[in-house]
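Engineer: What follows is the file model.txt, containing compact mmCIF, C-alpha atoms:
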# COMPACT_ATOMS: atom_id res chain seq x y z
CA MET A 1 105.42 128.96 40.99
CA SER A 2 102.77 130.71 38.92
CA THR A 3 101.77 134.28 39.63
CA ALA A 4 98.51 133.10 41.06
CA ALA A 5 100.36 130.86 43.49
CA VAL A 6 102.65 133.72 44.47
CA LYS A 7 99.68 135.95 45.06
CA GLN A 8 98.04 133.23 47.08
CA SER A 9 101.14 132.69 49.19
CA GLY A 10 101.48 136.44 49.70
CA GLY A 11 97.92 136.44 50.89
CA PHE A 12 98.67 133.56 53.22
CA VAL A 13 101.54 135.41 54.80
CA GLN A 14 99.58 138.60 55.19
CA GLU A 15 96.61 136.80 56.57
CA HIS A 16 98.86 135.70 59.41
CA LEU A 17 100.07 139.20 60.07
CA TYR A 18 96.69 140.80 60.67
CA HIS A 19 95.41 141.19 64.19
CA LEU A 20 91.88 140.60 65.29
CA GLN A 21 91.16 144.21 66.11
CA LEU A 22 88.37 146.07 67.89
CA ASN A 23 87.72 149.68 66.93
CA LEU A 24 87.08 151.47 70.21
CA HIS A 25 85.29 154.37 68.49
CA THR A 26 82.62 152.24 66.93
CA MET A 27 83.00 149.15 69.15
CA LYS A 28 83.11 147.05 66.01
CA ILE A 29 85.73 144.75 64.58
CA GLY A 30 88.14 146.79 62.54
CA ASP A 31 91.03 149.24 62.66
CA GLY A 32 90.45 152.49 64.53
CA GLY A 33 93.86 154.14 64.60
CA PHE A 34 95.19 154.52 68.13
CA TRP A 35 91.85 153.62 69.68
CA THR A 36 92.11 150.02 68.63
CA LEU A 37 92.34 146.96 70.79
CA ASN A 38 94.15 143.90 69.48
CA LEU A 39 91.67 141.37 70.80
CA ASP A 40 93.85 138.36 69.96
CA THR A 41 96.81 139.70 71.90
CA ILE A 42 94.66 140.67 74.86
CA ALA A 43 92.76 137.39 74.93
CA VAL A 44 95.73 135.05 74.59
CA SER A 45 97.90 137.01 77.04
CA LEU A 46 95.08 137.07 79.58
CA ILE A 47 94.31 133.36 79.22
CA ILE A 48 97.97 132.40 79.45
CA GLY A 49 98.43 134.81 82.36
CA PHE A 50 95.49 133.32 84.22
CA ILE A 51 96.80 129.80 83.64
CA PHE A 52 100.21 130.85 84.98
CA LEU A 53 98.85 132.75 87.98
CA GLY A 54 96.21 130.11 88.73
CA LEU A 55 98.74 127.30 88.69
CA PHE A 56 101.20 129.17 90.83
CA TRP A 57 98.48 130.43 93.15
CA TYR A 58 97.16 126.90 93.62
CA ALA A 59 100.67 125.79 94.50
CA ALA A 60 101.11 128.75 96.84
CA LEU A 61 97.86 127.97 98.64
CA HIS A 62 98.88 124.36 99.24
CA VAL A 63 102.49 125.17 99.93
CA THR A 64 104.23 123.21 102.65
CA SER A 65 107.65 123.43 104.15
CA GLY A 66 107.68 119.64 104.46
CA LYS A 67 107.86 117.25 101.51
CA PRO A 68 106.76 119.19 98.41
CA GLY A 69 104.49 117.77 95.72
CA LYS A 70 105.20 117.79 92.00
CA LEU A 71 103.55 121.13 91.31
CA GLN A 72 105.15 122.74 94.30
CA ASN A 73 108.49 121.39 93.17
CA LEU A 74 108.06 123.01 89.78
CA VAL A 75 106.99 126.30 91.29
CA GLU A 76 109.86 126.24 93.75
CA ILE A 77 112.40 125.49 91.04
CA MET A 78 111.14 128.47 89.06
CA LEU A 79 111.10 130.68 92.12
CA SER A 80 114.53 129.74 93.32
CA PHE A 81 115.91 130.18 89.81
CA VAL A 82 114.50 133.71 89.66
CA GLN A 83 115.56 134.37 93.23
CA ASP A 84 119.13 133.38 92.42
CA CYS A 85 119.13 135.65 89.37
CA VAL A 86 117.85 138.54 91.48
CA LYS A 87 120.38 137.89 94.22
CA GLU A 88 123.17 137.80 91.70
CA ALA A 89 122.31 141.00 89.85
CA PHE A 90 120.38 143.17 92.28
CA GLN A 91 122.14 144.75 95.21
CA GLY A 92 119.90 145.92 97.97
CA LYS A 93 116.50 144.71 99.04
CA SER A 94 113.16 145.04 97.33
CA ALA A 95 109.90 143.17 97.74
CA LEU A 96 108.89 144.01 94.18
CA ILE A 97 111.84 142.89 92.14
CA GLY A 98 111.51 139.14 92.73
CA PRO A 99 107.80 138.88 91.83
CA LEU A 100 108.36 141.24 88.91
CA ALA A 101 111.16 139.10 87.52
CA LEU A 102 109.15 135.91 88.06
CA THR A 103 106.11 137.33 86.29
CA ILE A 104 108.18 138.58 83.37
CA PHE A 105 110.03 135.30 82.98
CA ILE A 106 107.12 132.89 83.22
CA TRP A 107 104.60 135.02 81.40
CA ALA A 108 106.95 135.90 78.54
CA PHE A 109 108.09 132.29 78.32
CA LEU A 110 104.55 130.94 78.13
CA LEU A 111 103.50 133.59 75.61
CA ASN A 112 106.54 132.75 73.51
CA CYS A 113 105.56 129.10 73.74
CA MET A 114 102.43 129.87 71.75
CA ASP A 115 104.83 130.17 68.83
CA LEU A 116 105.39 126.43 68.93
CA LEU A 117 101.75 125.69 68.10
CA PRO A 118 101.23 125.07 64.39
CA VAL A 119 100.70 128.47 62.74
CA ASP A 120 97.24 127.62 61.46
CA PHE A 121 96.04 125.72 64.52
CA ILE A 122 94.13 128.38 66.45
CA PRO A 123 93.27 130.60 63.44
CA SER A 124 91.69 127.73 61.52
CA ILE A 125 89.60 126.71 64.52
CA LEU A 126 88.45 130.30 64.95
CA HIS A 127 87.71 130.53 61.20
CA LEU A 128 84.90 128.09 61.86
CA PHE A 129 83.37 130.71 64.15
CA GLY A 130 83.73 133.47 61.58
CA VAL A 131 86.87 135.07 62.94
CA GLU A 132 88.83 136.33 59.97
CA TYR A 133 92.24 137.09 61.43
CA PHE A 134 93.92 135.83 64.55
CA ARG A 135 97.52 135.96 65.68
CA SER A 136 98.07 133.49 68.44
CA VAL A 137 101.48 134.71 69.66
CA PRO A 138 101.05 137.81 71.83
CA THR A 139 104.79 138.53 71.96
CA ASP A 140 104.61 139.02 68.18
CA ASP A 141 102.69 142.17 68.99
CA PRO A 142 104.93 145.15 69.85
CA ASN A 143 102.09 146.49 71.94
CA LEU A 144 102.65 143.76 74.49
CA THR A 145 106.43 143.89 74.50
CA PHE A 146 106.35 147.68 74.77
CA ALA A 147 103.79 147.43 77.54
CA MET A 148 106.22 145.31 79.53
CA SER A 149 109.30 147.39 78.75
CA LEU A 150 107.54 150.71 79.41
CA SER A 151 106.30 149.38 82.75
CA VAL A 152 109.88 148.48 83.55
CA THR A 153 111.00 151.96 82.48
CA LEU A 154 108.40 153.47 84.75
CA LEU A 155 109.83 151.42 87.60
CA ILE A 156 113.35 152.49 86.65
CA ILE A 157 112.30 156.12 86.94
CA ILE A 158 110.55 155.52 90.25
CA TYR A 159 113.56 153.65 91.62
CA ASN A 160 115.88 156.41 90.49
CA PHE A 161 113.87 158.97 92.37
CA THR A 162 113.21 157.00 95.53
CA SER A 163 116.74 155.72 96.06
CA LYS A 164 118.68 158.84 95.10
CA GLY A 165 116.28 161.68 95.74
CA LEU A 166 115.75 164.58 93.38
CA VAL A 167 119.09 166.22 94.20
CA GLY A 168 121.14 163.06 93.94
CA LEU A 169 119.50 162.10 90.68
CA SER A 170 119.99 165.57 89.19
CA LYS A 171 123.66 165.52 90.17
CA GLU A 172 124.07 162.10 88.61
CA VAL A 173 122.30 163.09 85.39
CA LEU A 174 124.14 166.40 85.00
CA PHE A 175 127.66 165.64 86.23
CA GLN A 176 128.32 162.13 84.99
CA PRO A 177 130.19 160.81 83.13
CA PHE A 178 132.16 163.87 81.87
CA GLY A 179 132.18 166.22 84.86
CA LYS A 180 130.12 169.32 85.55
CA TRP A 181 131.34 171.49 82.64
CA PHE A 182 129.76 169.16 80.13
CA PHE A 183 126.38 168.98 81.80
CA PRO A 184 124.31 169.35 78.59
CA VAL A 185 126.21 166.48 77.02
CA ASN A 186 125.89 164.44 80.17
CA ALA A 187 122.16 165.00 80.37
CA ALA A 188 121.72 164.16 76.70
CA PHE A 189 123.73 160.97 77.12
CA ARG A 190 121.68 159.96 80.10
CA ILE A 191 118.37 160.63 78.41
CA ILE A 192 119.40 158.69 75.34
CA GLU A 193 120.60 155.84 77.53
CA GLU A 194 117.35 155.68 79.43
CA ALA A 195 115.26 156.00 76.27
CA VAL A 196 117.12 153.20 74.55
CA LYS A 197 116.44 150.76 77.38
CA PRO A 198 112.71 150.18 76.80
CA VAL A 199 113.11 150.23 73.03
CA SER A 200 115.90 147.66 72.98
CA LEU A 201 114.18 145.55 75.61
CA SER A 202 110.89 145.31 73.77
CA LEU A 203 112.20 145.23 70.21
CA ARG A 204 114.57 142.39 71.03
CA LEU A 205 111.74 140.18 72.22
CA PHE A 206 109.35 141.33 69.50
CA GLY A 207 111.96 140.92 66.74
CA ASN A 208 112.93 137.43 67.75
CA MET A 209 109.38 136.21 68.09
CA PHE A 210 108.14 137.94 64.95
CA ALA A 211 110.99 136.54 62.89
CA GLY A 212 110.34 133.09 64.32
CA GLU A 213 106.66 133.30 63.50
CA VAL A 214 107.31 134.55 59.95
CA ILE A 215 109.67 131.65 59.35
CA PHE A 216 107.03 129.23 60.60
CA VAL A 217 104.52 130.83 58.22
CA LEU A 218 106.99 130.50 55.36
CA ILE A 219 107.65 126.87 56.24
CA ALA A 220 103.90 126.32 56.12
CA LEU A 221 103.96 127.53 52.49
CA ILE A 222 106.38 124.93 51.13
CA PRO A 223 105.18 121.50 49.98
CA TRP A 224 103.91 119.35 52.80
CA TRP A 225 106.58 116.63 52.55
CA SER A 226 109.39 119.13 53.25
CA GLN A 227 107.53 120.90 56.02
CA TRP A 228 108.25 118.21 58.56
CA PRO A 229 112.07 118.32 58.73
CA LEU A 230 112.26 122.10 58.42
CA GLY A 231 109.46 122.68 60.88
CA PHE A 232 111.05 120.26 63.31
CA ALA A 233 114.50 121.86 63.03
CA TRP A 234 113.16 125.37 63.42
CA SER A 235 110.96 124.35 66.36
CA VAL A 236 113.90 122.81 68.18
CA PHE A 237 115.93 125.94 67.57
CA HIS A 238 113.01 128.07 68.54
CA VAL A 239 112.59 126.36 71.92
CA LEU A 240 116.03 127.71 72.72
CA VAL A 241 115.17 131.19 71.42
CA ILE A 242 111.94 131.28 73.42
CA THR A 243 113.66 130.44 76.68
CA ILE A 244 116.63 132.69 76.09
CA GLN A 245 114.48 135.67 75.14
CA ALA A 246 112.33 135.30 78.25
CA TYR A 247 115.47 134.95 80.35
CA ILE A 248 117.15 137.98 78.74
CA PHE A 249 114.09 140.14 79.29
CA MET A 250 114.00 139.16 82.95
CA MET A 251 117.74 139.52 83.49
CA LEU A 252 117.96 142.93 81.80
CA THR A 253 115.00 144.13 83.85
CA ILE A 254 116.80 143.15 87.03
CA VAL A 255 120.05 144.74 85.88
CA TYR A 256 118.35 147.99 84.83
CA LEU A 257 116.52 148.24 88.14
CA SER A 258 119.71 147.46 89.99
CA MET A 259 121.47 150.27 88.13
CA ALA A 260 118.60 152.61 88.98
CA HIS A 261 118.72 151.52 92.60
CA GLN A 262 122.37 152.18 93.31
CA SER A 263 124.19 155.43 92.68
CA HIS A 264 127.13 155.41 90.33
CA MET B 1 103.91 147.21 63.53
CA GLU B 2 101.46 149.63 64.94
CA ILE B 3 101.09 150.93 68.47
CA ASN B 4 97.55 151.30 69.69
CA PHE B 5 95.42 151.12 72.81
CA THR B 6 96.45 147.50 73.33
CA LEU B 7 99.63 148.93 74.84
CA ILE B 8 97.71 150.56 77.67
CA GLY B 9 95.60 147.47 78.19
CA GLU B 10 98.62 145.22 78.38
CA MET B 11 100.37 147.60 80.77
CA ILE B 12 97.41 147.38 83.13
CA THR B 13 97.30 143.61 82.73
CA PHE B 14 101.02 143.34 83.38
CA ALA B 15 100.80 145.56 86.46
CA LEU B 16 97.92 143.49 87.84
CA PHE B 17 99.80 140.24 87.20
CA VAL B 18 102.89 141.54 88.95
CA TRP B 19 100.80 142.77 91.85
CA PHE B 20 99.08 139.40 92.15
CA THR B 21 102.40 137.55 92.09
CA MET B 22 103.82 139.90 94.67
CA LYS B 23 100.81 139.57 96.92
CA PHE B 24 99.74 135.94 96.71
CA ILE B 25 102.44 133.81 95.12
CA TRP B 26 105.89 135.05 95.99
CA PRO B 27 105.65 135.44 99.80
CA PRO B 28 104.16 132.05 100.78
CA VAL B 29 106.39 130.05 98.48
CA THR B 30 109.60 131.84 99.46
CA LYS B 31 108.59 131.53 103.10
CA ALA B 32 108.03 127.80 102.72
CA MET B 33 111.38 127.46 101.00
CA ALA B 34 113.15 129.41 103.72
CA ASP B 35 111.36 127.34 106.36
CA ARG B 36 112.43 124.12 104.69
CA GLN B 37 115.97 125.38 104.47
CA LYS B 38 115.91 126.14 108.17
CA LYS B 39 114.36 122.78 108.95
CA ILE B 40 117.04 120.94 107.03
CA ALA B 41 119.77 122.99 108.64
CA ASP B 42 118.29 122.29 112.08
CA GLY B 43 118.01 118.60 111.28
CA LEU B 44 121.62 118.42 110.16
CA GLU B 45 122.71 120.25 113.26
CA ALA B 46 120.67 117.92 115.46
CA ALA B 47 122.18 114.92 113.69
CA GLU B 48 125.66 116.31 114.28
CA HIS B 49 124.78 116.95 117.90
CA GLY B 50 123.39 113.43 118.31
CA LYS B 51 126.52 111.98 116.76
CA ASN B 52 128.68 113.93 119.18
CA SER B 53 126.69 112.90 122.23
CA LEU B 54 126.75 109.30 121.04
CA GLU B 55 130.53 109.54 120.83
CA VAL B 56 130.69 110.96 124.35
CA ALA B 57 128.32 108.31 125.70
CA LYS B 58 130.37 105.56 124.04
CA LYS B 59 133.53 106.91 125.58
CA LYS B 60 131.87 107.16 128.96
CA ALA B 61 130.49 103.64 128.71
CA SER B 62 133.87 102.15 127.83
CA GLN B 63 135.48 104.12 130.62
CA MET B 64 132.89 102.84 133.06
CA LEU B 65 133.38 99.33 131.79
CA THR B 66 137.14 99.40 132.37
CA GLU B 67 136.64 100.95 135.77
CA THR B 68 134.13 98.29 136.72
CA ARG B 69 136.42 95.60 135.45
CA LYS B 70 139.21 96.97 137.56
CA ASP B 71 136.92 97.19 140.59
CA SER B 72 135.61 93.73 140.17
CA SER B 73 139.04 92.21 139.78
CA GLN B 74 140.14 94.09 142.85
CA ILE B 75 137.13 92.80 144.74
CA ILE B 76 137.85 89.26 143.62
CA ASP B 77 141.48 89.60 144.67
CA GLU B 78 140.46 90.93 148.03
CA ALA B 79 137.97 88.15 148.49
CA ASN B 80 140.55 85.58 147.52
CA SER B 81 143.12 86.90 149.95
CA ARG B 82 140.50 87.15 152.66
CA ALA B 83 139.41 83.59 152.07
CA VAL B 84 143.00 82.43 152.25
CA LYS B 85 143.44 84.38 155.44
CA ILE B 86 140.27 82.93 156.93
CA VAL B 87 141.31 79.42 156.03
CA ASP B 88 144.78 80.02 157.48
CA GLU B 89 143.35 81.46 160.62
CA ALA B 90 140.95 78.59 160.96
CA LYS B 91 143.77 76.14 160.41
CA ALA B 92 145.92 77.83 163.02
CA ARG B 93 143.14 77.90 165.54
CA ALA B 94 142.29 74.32 164.90
CA THR B 95 145.88 73.34 165.34
CA GLN B 96 146.08 75.31 168.52
CA GLU B 97 142.89 73.85 169.83
CA GLY B 98 144.00 70.38 168.93
CA GLN B 99 147.24 71.01 170.77
CA GLN B 100 145.29 72.26 173.74
CA ILE B 101 143.06 69.23 173.69
CA ILE B 102 146.04 66.99 173.50
CA VAL B 103 147.72 68.82 176.34
CA ASN B 104 144.60 68.65 178.43
CA ALA B 105 144.16 65.01 177.70
CA GLN B 106 147.79 64.38 178.57
CA SER B 107 147.49 66.16 181.92
CA GLU B 108 144.28 64.33 182.61
CA ILE B 109 145.96 61.09 181.82
CA ASP B 110 148.91 62.07 183.98
CA LEU B 111 146.59 62.97 186.79
CA GLN B 112 144.73 59.75 186.39
CA VAL B 113 147.91 57.80 186.35
CA GLU B 114 149.13 59.65 189.41
CA ARG B 115 145.86 58.94 191.15
CA THR B 116 145.91 55.32 190.20
CA LYS B 117 149.49 55.06 191.34
CA GLU B 118 148.52 56.63 194.65
CA ALA B 119 145.59 54.30 195.03
CA LEU B 120 147.69 51.39 194.04
CA ARG B 121 150.37 52.41 196.52
CA LYS B 122 147.83 52.67 199.25
CA GLU B 123 146.46 49.38 198.28
CA VAL B 124 149.89 47.86 198.22
CA VAL B 125 150.63 49.40 201.61
CA ASP B 126 147.42 48.04 202.97
CA ILE B 127 148.12 44.67 201.47
CA ALA B 128 151.64 44.81 202.78
CA MET B 129 150.40 45.86 206.14
CA MET B 130 147.91 43.13 206.12
CA GLY B 131 150.49 40.72 204.96
CA ALA B 132 153.00 41.90 207.57
CA SER B 133 150.47 41.84 210.37
CA LYS B 134 149.46 38.45 209.34
CA ILE B 135 153.03 37.41 209.25
CA LEU B 136 153.76 38.96 212.60
CA SER B 137 150.38 37.87 213.81
CA LYS B 138 150.12 40.98 215.59
CA ASP B 139 148.75 44.34 214.70
CA VAL B 140 151.32 46.64 213.63
CA ASP B 141 150.77 50.08 214.86
CA LYS B 142 150.53 52.37 211.92
CA THR B 143 151.76 55.38 213.72
CA THR B 144 154.79 53.75 215.18
CA HIS B 145 155.82 52.36 211.91
CA LYS B 146 154.86 55.30 209.88
CA LYS B 147 158.40 56.09 208.91
CA LEU B 148 158.97 52.61 207.76
CA LEU B 149 155.71 52.58 205.86
CA ASP B 150 156.43 55.86 204.11
CA GLU B 151 159.74 54.50 203.04
CA LEU B 152 158.00 51.51 201.68
CA ILE B 153 155.43 53.55 199.82
CA SER B 154 158.03 55.70 198.13
CA ALA B 155 159.91 52.57 197.25
CA ILE B 156 156.99 51.11 195.41
What would you get if you wrote out this structure as structure tokens?

Structural biologist:
Amino acid sequence: MSTAAVKQSGGFVQEHLYHLQLNLHTMKIGDGGFWTLNLDTIAVSLIIGFIFLGLFWYAALHVTSGKPGKLQNLVEIMLSFVQDCVKEAFQGKSALIGPLALTIFIWAFLLNCMDLLPVDFIPSILHLFGVEYFRSVPTDDPNLTFAMSLSVTLLIIIYNFTSKGLVGLSKEVLFQPFGKWFFPVNAAFRIIEEAVKPVSLSLRLFGNMFAGEVIFVLIALIPWWSQWPLGFAWSVFHVLVITIQAYIFMMLTIVYLSMAHQSH
Amino acid sequence: MEINFTLIGEMITFALFVWFTMKFIWPPVTKAMADRQKKIADGLEAAEHGKNSLEVAKKKASQMLTETRKDSSQIIDEANSRAVKIVDEAKARATQEGQQIIVNAQSEIDLQVERTKEALRKEVVDIAMMGASKILSKDVDKTTHKKLLDELISAI
């Protein structure tokens, strides 16, 4: 490979790692520090979300307890799968946990699925309309994965307070696991534990999807005749990763909320 | 990897999605599923119930059948014995009546014979009287010879 080719390939990789960004200070395309909106992430996640909710809502509107249709069957399979997971891992009753788990699972799964589109498919179409950069996999963006995991953390905190009360929670934080004489250590342990949850939750999903996407980009760089077998193999493997990551995110959410719900 | 305002936007989006699922998708579908589960359970129970009652009805029917069979055979037996009895009775009465008729006829005949004998006797007496008077050419007094005549009559 000549240096020019290397430069070109480096450019190709980087091109696929830039977001389509909106600077909220100037309301123009470009980077604006914290006040930046990743338009590609927002757009794709919204579109996918609306497809998911629309499909499920349509099924829910036409739901029947008699003989179900094909769509209803699909929806019911998904729902009962999530319901079983919740029943297995979550003690107690909550009207929120089932819908939350369903939304996480289906939404994350569909967003991950965007990874299976050819890496240049959506960007090259949008190039025709003058869009310079576009990343079509929203779960490649830590903003989205952190948004989900921080929302879950928020719920964990709320659950902790509502199910144990301020006194119960304080006792638990201060006196466990080493007894009351080690309360600073206990509190530190607890805070670290709680802080690690959202980070691990979001970075796991982000890392997997980002790595997958980078490998797809790299595969796109090699000569065209060897792209097919490698791309095929990685796609097949990636289907597994996509599903498992969505499942893990959902399952861990349920487990974390279950832990927050019941006292130790 | 950079964190920016997208995080807030996606959190709002996520919250709205979860709210929508919780409000419009989860309840009707789970309700329909629970309803179907109940329906199926009810149906199975009804089927079980129907099976049981069928079993009971079958048993009852066979019981009734055997009972009826027994009844009918009993009725037939009774009828048979009654018929035999009636025939026997009729036979006996007929025999008796026949006997009676025969007896009656016999007595009638006897009477008739007796009467005829009497008449014949009288006739013979008359003839004898006539013959005797003719022989004696003189009227024989019946009263005077009554004893003789009676003897004669009983002799005949």

Engineer: Within 7 Å of segment 160-170 of chain A, counting all atoms listed in the file, which residues qualify if same-chain residues fewer than 3 places away don't, as a ChimeraX atom specification?

Structural biologist: /A:156-157,173-174,260-261,263

Engineer: Find the residues of chain A in contact range of chain B, meaning any atom within 8 Å when counting only C-alpha atoms, and list them as a ChimeraX atom specification.

Structural biologist: /A:33-38,41-42,46,49,53,56-57,60-61,63-66,76,79,95-96,98-100,103,141-144,146-148,150-151

Engineer: Centre and edge lengths of an axis-aligned box around all listed atoms of segment 238-256 of chain A, with 6 Å added on each side, are to be given in Å to one decimal, as lines of an AutoDock Vina configuration file.

Structural biologist:
center_x = 116.0
center_y = 137.2
center_z = 77.8
size_x = 20.1
size_y = 33.6
size_z = 30.5

Engineer: One number please: atom CA of Leu205 of chain A to atom CA of Leu102 of chain A, in Å, one decimal.

Structural biologist: 16.6 Å

Engineer: Restricting the calculation to all atoms listed in the file: of A:Val214, A:Val241, A:Ile106, A:Val152, which residue gets closest to Glu15 of chain A?

Structural biologist: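 Nearest candidate to Glu15 of chain A out of A:Val214, A:Val241, A:Ile106, A:Val152: A:Val214.
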
Engineer: Check the smallest atom-to-atom distance from each of A:Val137, A:Val13, A:Val75, A:Leu155 to Tyr256 of chain A using all atoms listed in the file, then report the winner.

Structural biologist: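 Nearest to Tyr256 of chain A: A:Leu155.
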
Engineer: From the options B:Val125, B:Glu45, B:Leu65, B:Glu89, which residue's atoms come nearest to Ala155 of chain B, counting only C-alpha atoms?

Structural biologist: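 The shortest atom-to-atom distance to Ala155 of chain B comes from B:Val125.
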
Engineer: May I ask for the distance between atom CA of Tyr18 of chain A and atom CA of Phe232 of chain A, given in Å to one decimal place?

Structural biologist: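 Between these atoms lies a distance of 25.2 Å.
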
Engineer: What does the structure give for the distance between atom CA of Ala43 of chain A and atom CA of Met114 of chain A, in Å to one decimal?

Structural biologist: 12.7 Å

Engineer: For a quick check of understanding, using only C-alpha atoms, which of A:Ser235, A:Ser202, A:Ser80, A:Asn208 has the smallest distance to Leu252 of chain A?

Structural biologist: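 Looking at the shortest contact to Leu252 of chain A, the residue is A:Ser202.
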
Engineer: Do you know which residues are at most 12 Å from Ile222 of chain A counting all atoms listed in the file, after dropping those on the same chain fewer than 3 positions away, and could you put them as a PyMOL selection string?

Structural biologist: chain A and resi 1+5-6+9+12+215-219+225-231

Engineer: What's the 10 Å shell around Phe183 of chain A, counting all atoms listed in the file, without same-chain residues fewer than 6 positions away, as a count of residues only?

Structural biologist: 8

Engineer: For segment 115-123 of chain A, list every protein, DNA or RNA residue within 8 Å, evaluated using all atoms listed in the file, and leave out those in the same chain fewer than 2 positions away; present the list as number ranges by chain.

Structural biologist: A: 111-113, 125-127, 131, 133-137, 209, 212-213, 216-217, 220, 235, 238-239

Engineer: Could those selected residues go to a file with C-alpha atoms, as a PDB file, keeping the file's coordinate frame?

Structural biologist:
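File again36.pdb, as written:
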ATOM      1  CA  LEU A 111     103.500 133.590  75.610  1.00  0.00           C
ATOM      2  CA  ASN A 112     106.540 132.750  73.510  1.00  0.00           C
ATOM      3  CA  CYS A 113     105.560 129.100  73.740  1.00  0.00           C
ATOM      4  CA  ILE A 125      89.600 126.710  64.520  1.00  0.00           C
ATOM      5  CA  LEU A 126      88.450 130.300  64.950  1.00  0.00           C
ATOM      6  CA  HIS A 127      87.710 130.530  61.200  1.00  0.00           C
ATOM      7  CA  VAL A 131      86.870 135.070  62.940  1.00  0.00           C
ATOM      8  CA  TYR A 133      92.240 137.090  61.430  1.00  0.00           C
ATOM      9  CA  PHE A 134      93.920 135.830  64.550  1.00  0.00           C
ATOM     10  CA  ARG A 135      97.520 135.960  65.680  1.00  0.00           C
ATOM     11  CA  SER A 136      98.070 133.490  68.440  1.00  0.00           C
ATOM     12  CA  VAL A 137     101.480 134.710  69.660  1.00  0.00           C
ATOM     13  CA  MET A 209     109.380 136.210  68.090  1.00  0.00           C
ATOM     14  CA  GLY A 212     110.340 133.090  64.320  1.00  0.00           C
ATOM     15  CA  GLU A 213     106.660 133.300  63.500  1.00  0.00           C
ATOM     16  CA  PHE A 216     107.030 129.230  60.600  1.00  0.00           C
ATOM     17  CA  VAL A 217     104.520 130.830  58.220  1.00  0.00           C
ATOM     18  CA  ALA A 220     103.900 126.320  56.120  1.00  0.00           C
ATOM     19  CA  SER A 235     110.960 124.350  66.360  1.00  0.00           C
ATOM     20  CA  HIS A 238     113.010 128.070  68.540  1.00  0.00           C
ATOM     21  CA  VAL A 239     112.590 126.360  71.920  1.00  0.00           C
TER      22      VAL A 239
END

Engineer: Calculated over only C-alpha atoms, which of the candidates B:Glu108, B:Leu149, B:Val84, B:Ile75 has the smallest distance to Ala132 of chain B?

Structural biologist: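 Counting only C-alpha atoms, the residue closest to Ala132 of chain B is B:Leu149.
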
Engineer: When you write segment 34-43 of chain A out from the block above, keep N, CA, C and O atoms and present the result as a PDB file, in the first residue's frame, please.

Structural biologist:
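Below is the file that was written, selection39.pdb:
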ATOM      1  N   PHE A  34     -20.314  21.152  24.286  1.00  0.00           N
ATOM      2  CA  PHE A  34     -21.423  20.398  24.882  1.00  0.00           C
ATOM      3  C   PHE A  34     -22.745  20.686  24.156  1.00  0.00           C
ATOM      4  O   PHE A  34     -23.582  19.807  23.993  1.00  0.00           O
ATOM      5  N   TRP A  35     -22.909  21.928  23.722  1.00  0.00           N
ATOM      6  CA  TRP A  35     -24.183  22.298  23.097  1.00  0.00           C
ATOM      7  C   TRP A  35     -24.199  21.890  21.627  1.00  0.00           C
ATOM      8  O   TRP A  35     -24.318  22.699  20.730  1.00  0.00           O
ATOM      9  N   THR A  36     -24.048  20.579  21.456  1.00  0.00           N
ATOM     10  CA  THR A  36     -24.063  20.027  20.106  1.00  0.00           C
ATOM     11  C   THR A  36     -25.084  18.906  20.066  1.00  0.00           C
ATOM     12  O   THR A  36     -25.241  18.146  21.023  1.00  0.00           O
ATOM     13  N   LEU A  37     -25.765  18.814  18.958  1.00  0.00           N
ATOM     14  CA  LEU A  37     -26.744  17.736  18.797  1.00  0.00           C
ATOM     15  C   LEU A  37     -26.250  16.829  17.672  1.00  0.00           C
ATOM     16  O   LEU A  37     -25.969  17.306  16.571  1.00  0.00           O
ATOM     17  N   ASN A  38     -26.106  15.541  17.976  1.00  0.00           N
ATOM     18  CA  ASN A  38     -25.733  14.609  16.917  1.00  0.00           C
ATOM     19  C   ASN A  38     -26.991  14.274  16.112  1.00  0.00           C
ATOM     20  O   ASN A  38     -27.781  13.415  16.490  1.00  0.00           O
ATOM     21  N   LEU A  39     -27.158  14.991  15.011  1.00  0.00           N
ATOM     22  CA  LEU A  39     -28.411  14.870  14.257  1.00  0.00           C
ATOM     23  C   LEU A  39     -28.637  13.455  13.743  1.00  0.00           C
ATOM     24  O   LEU A  39     -29.773  12.967  13.722  1.00  0.00           O
ATOM     25  N   ASP A  40     -27.528  12.777  13.336  1.00  0.00           N
ATOM     26  CA  ASP A  40     -27.699  11.426  12.789  1.00  0.00           C
ATOM     27  C   ASP A  40     -28.241  10.476  13.854  1.00  0.00           C
ATOM     28  O   ASP A  40     -29.195   9.727  13.613  1.00  0.00           O
ATOM     29  N   THR A  41     -27.653  10.559  15.045  1.00  0.00           N
ATOM     30  CA  THR A  41     -28.125   9.683  16.130  1.00  0.00           C
ATOM     31  C   THR A  41     -29.591   9.951  16.445  1.00  0.00           C
ATOM     32  O   THR A  41     -30.411   9.028  16.531  1.00  0.00           O
ATOM     33  N   ILE A  42     -29.895  11.239  16.599  1.00  0.00           N
ATOM     34  CA  ILE A  42     -31.272  11.618  16.939  1.00  0.00           C
ATOM     35  C   ILE A  42     -32.238  11.143  15.857  1.00  0.00           C
ATOM     36  O   ILE A  42     -33.266  10.506  16.151  1.00  0.00           O
ATOM     37  N   ALA A  43     -31.887  11.416  14.603  1.00  0.00           N
ATOM     38  CA  ALA A  43     -32.817  11.106  13.513  1.00  0.00           C
ATOM     39  C   ALA A  43     -33.054   9.607  13.402  1.00  0.00           C
ATOM     40  O   ALA A  43     -34.200   9.148  13.389  1.00  0.00           O
TER      41      ALA A  43
END
